[in-house]
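In what follows, a structure is listed as structure tokens, so that the remarks can point back to it.
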There are 2 protein chains.
Amino acid sequence: MSIREDALNGTITPLFESCAATEGVTVEVLMAGVAKGTIAITKNKNHDFDKIMAVGKGLSTKVNANIGASKDYPEAKQELEKLAVCVNAGADTVMDLSLGENINEVRRGILENCPIPLGTVPVYQIVADIVEKEHKAIGEVTVQEMLACIEEQARDGVDFMTIHSGITRDALRRLKGDERLMGVVSRGGSFTLEWMSHNQAENPFYEYYDDILAILKEHEVTISLGDGFRPGCCADATDRGQVQELIHLGELTQRAWDAGVQVIVEGPGHMPLDQITANILLQKKLCHGAPFYVLGPLVTDIAPGYDHITGAIGGAIAASAGADYLCYVTPAEHLKLPSAEDVHEGIIASRIAAHAADIVKGVPGAFDKDIAMAKCRNNLDWKGQIALSMDPEKAQRYREMGNSYKGDACSMCGDYCAVKVFKKATRPGRCPSEQK
Amino acid sequence: MSIREDALNGTITPLFESCAATEGVTVEVLMAGVAKGTIAITKNKNHDFDKIMAVGKGLSTKVNANIGASKDYPEAKQELEKLAVCVNAGADTVMDLSLGENINEVRRGILENCPIPLGTVPVYQIVADIVEKEHKAIGEVTVQEMLACIEEQARDGVDFMTIHSGITRDALRRLKGDERLMGVVSRGGSFTLEWMSHNQAENPFYEYYDDILAILKEHEVTISLGDGFRPGCCADATDRGQVQELIHLGELTQRAWDAGVQVIVEGPGHMPLDQITANILLQKKLCHGAPFYVLGPLVTDIAPGYDHITGAIGGAIAASAGADYLCYVTPAEHLKLPSAEDVHEGIIASRIAAHAADIVKGVPGAFDKDIAMAKCRNNLDWKGQIALSMDPEKAQRYREMGNSYKGDACSMCGDYCAVKVFKKATRPGRCPSEQK
């Protein structure tokens with residue numbers, strides 16, 4: 001029985017109990033969400049980790065961090081360092097997006113050390129492993145080799161996989177017929193199209209979708225339906241290609257559920273901020289309430305070096321409109337492979353967006369953190385403020401940079417701290433509002 | 001004749017022509033906005049600078065950066081360095097929020113070197129200068145001394161001044177009667193209350209508002225009506241005290257307009273993101289369309305060290321809902337006086353928020369920048385991408401950190417760049433959507 005089947009059958013398992021405890025909801029609520037498909041528990045039966053989490057409706061907004069080697073930086077060691085940064089900075093999940101010669105070694109190294117769910121994009125292995133090592137063209141890889149890659153990763157213990165099954169000839173025709181500025185910016189999407197082009201054939205991840213689902217179900221892998229046609233610039237947002245693919249993703253969601261496989265649906269991308277709420281609604285309707293996993297969205301294209309901020313703006317709006325899962329963006333986006341420091345910055349920015357949304361989503365316990373911080377601020381309790389900070393290390397470091405950090409105020413105002421002056425001005429018997 | 005009176009009389013002046021050119025609108029549109037009060041041109045007749053700008057409806061969203069010495073860091077030199085950072089990073093205006101022994105020297109130094117509008121909070125001078133030097137209590141400063149400070153700064157050339165005239169006994173009674181966690185976090189607000197408390201009297205900036213307006217009109221200073229009761233934590237947002245003060249600010253707006261003085265209204269502060277749009281509407285209605293100048297808003301309290309990001313989220317939402325002017329927040333907020341680096345980070349974050357909003361506000365030329373960037377990205381034109389970046393220096397530095405920066409892709413994907421693969425996969429005669 002798969003997790004989804006257990007939920008449908010009402011079979012309470014230790015996994016559900018553990019996950020419900022992590023999420024702070026009842027087992028019944030959790031299982032009802034999994035049965036309906038509005039919640040996914042990303043946990044491969046071959047990957048052991050303690051803190052079982054879930055993503056979806058009624059739960060806190062989750063943050064994913066992408067790491068992974070590249071052809072320019074193929075070393076596994078750097079990626080293990082980034083993994084440690086991810087866990088330390090509070091990422092809920094991590095994706096290994098490696099390309100490069102050591103792809104299998106990197107993935108296995110990460111899995112061995114990964115105390116949170118791990119995701120991958122198997123088509124990267126197909127390219128980095130088979131194409132590179134056998135000096136083939138992408139189009140020469142066989143469908144059997146593709147399925148074998150997915151199976152290998154499932155056996156390794158990958159918890160969720162991005163698969164671009166929604167890129168059909170039909171969707172591509174609509175994309176090409178529209179006025180898109182940037183074509184396809186999804187790496188997996190472009191590889192898939194290159195295969196289709198070479199073979200003059202339909203997308204193999206669409207044609208062999210049932211075979212893929214059978215593998216995923218066996219190893220208890222959640223499918224993350226990739227949005228290969230996500231807009232790569234604000235001008236391309238919400239266009240025909242993107243929406244056509246989303247319609248396919250909704251159909252594919254239902255097929256996966258029917259096959260006993262849990263589903264997450266991926267979404268944009270670059271998008272002007274007034275289109276975000278409508279996009280969340282569209283996905284929730286077309287994909288029957290499946291958890292929505294957005295990349296950003298980036299609300300402008302012109303801030304390379306600061307796309308973690310651009311993405312935090314979009315992510316906060318998206319999550320407060322109902323997106324369940326934010327894929328972080330780092331300051332390195334559009335410029336280079338992120339460093340460990342970029343990874344840290346990206347995670348904190350996304351966590352801010354997720355938390356700002358959780359306050360307005362009414363996620364239990366979320367606003368309590370802000371209230372606790374406000375009380376510490378009002379009491380000039382610096383130890384408490386630091387401890388409650390999203391990044392206590394940076395907060396402490398910044399505080400210590402100020403000359404007056406050993407006093408009870410900070411170096412912005414010193415003795416003229418408004419909190420102190422206000423208390424003095426309004427103490428009983430002296431407050432100007434007490435008199436007529 | 002003041003700027004406002006000229007606009008009301010339909011007298012086209014070189015100032016209006018220069019400002020209209022900067023803002024990319026017609027002189028008629030600009031003057032109609034100034035006459036109606038929905039646009040303010042912050043320009044003291046004693047402060048000479050070239051690029052006359054304006055803030056308000058139909059114009060691009062502006063960004064203000066706060067600098068200024070403090071008791072712990074009283075040196076003028078550091079603040080002049082920060083001023084240079086502000087101008088270089090693209091701040092539209094700057095405010096000198098100095099406290100500390102050299103307050104007049106710092107202000108005059110900044111004014112001499114300031115090619116953009118400068119704002120101040122005169123009550124800070126009242127405290128730092130009179131109170132500190134004469135060893136008085138805040139409450140012992142006379143109304144005449146207060147008015148003299150305002151006049152001195154107006155003569156010096158300060159372009160806009162924050163004055164907390166909306167803090168009345170009435171508003172304080174409502175604030176105190178509500179369940180506010182953090183009281184008053186506005187420094188100017190708390191000083192004003194301390195004066196009121198000491199003298200058991202009404203707010204002098206309210207009682208002597210007509211005298212203040214006369215001074216401001218004479219020197220052509222825009223009044224920026226301070227929100228002394230802005231919420232200091234998300235839990236305090238949109239409460240009785242805040243809204244009562246806003247009602248007063250609306251009345252004071254009308255009185256200033258009637259006296260020929262231009263007005264900006266200041267607003268929150270800390271605020272859950274689902275309250276921002278309603279707050280903008282409220283201000284626009286209660287203050288008759290006066291330009292709205294928001295601090296943040298900060299959409300969570302728990303991210304000290306990253307409040308530039310928290311503020312960018314709130315600022316983007318606020319500006320897209322109609323806020324006209326964003327006061328930046330730096331990573332140092334709540335922790336220490338900002339360094340030059342913090343100032344830079346804060347400005348860029350606010351500019352991202354302002355630009356993301358300008359795209360959806362339909363500000364002429366705003367979205368064109370994103371389209372130009374998208375075209376450069378699609379052409380792998382790195383020189384163009386760097387030049388179009390909000391911070392070209394950082395974008396260039398990041399790009400150079402990547403191993404493959406001399407190639408046409410970046411170190412994230414290298415040869416597997418989606419843009420390159422997509423073009424190959426879909427070139428004419430090969431595109432999989434061309435076949436049936």
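Each chain in the structure tokens gets a letter, A, B and so on, in the order shown; residues start at 1 in every chain, and ligands are counted from 1 in the order they appear.
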
Residues near Val185 (chain A), cut-off 9 Å, only C-alpha atoms, skip fewer than 6 positions along chain, as a ChimeraX atom specification
/A:228-232 /B:417-419,422

With only C-alpha atoms as the counted atoms, please give the residues lying no more than 8 Å from region 30-45 of chain B, apart from itself and same-chain residues fewer than 4 positions off, as a ChimeraX atom specification.
/B:3-5,7-8,10,16,19-20,25-26,52-57,117,154,157-160,219-222,257,262-264,289-291

Please, what distance in Å, to one decimal, runs between CA of Val27 (chain B) and CA of Asp50 (chain B)?
17.2 Å

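What separates CA of Asn203 (chain A) from CA of Glu105 (chain A) is a distance of 28.1 Å.
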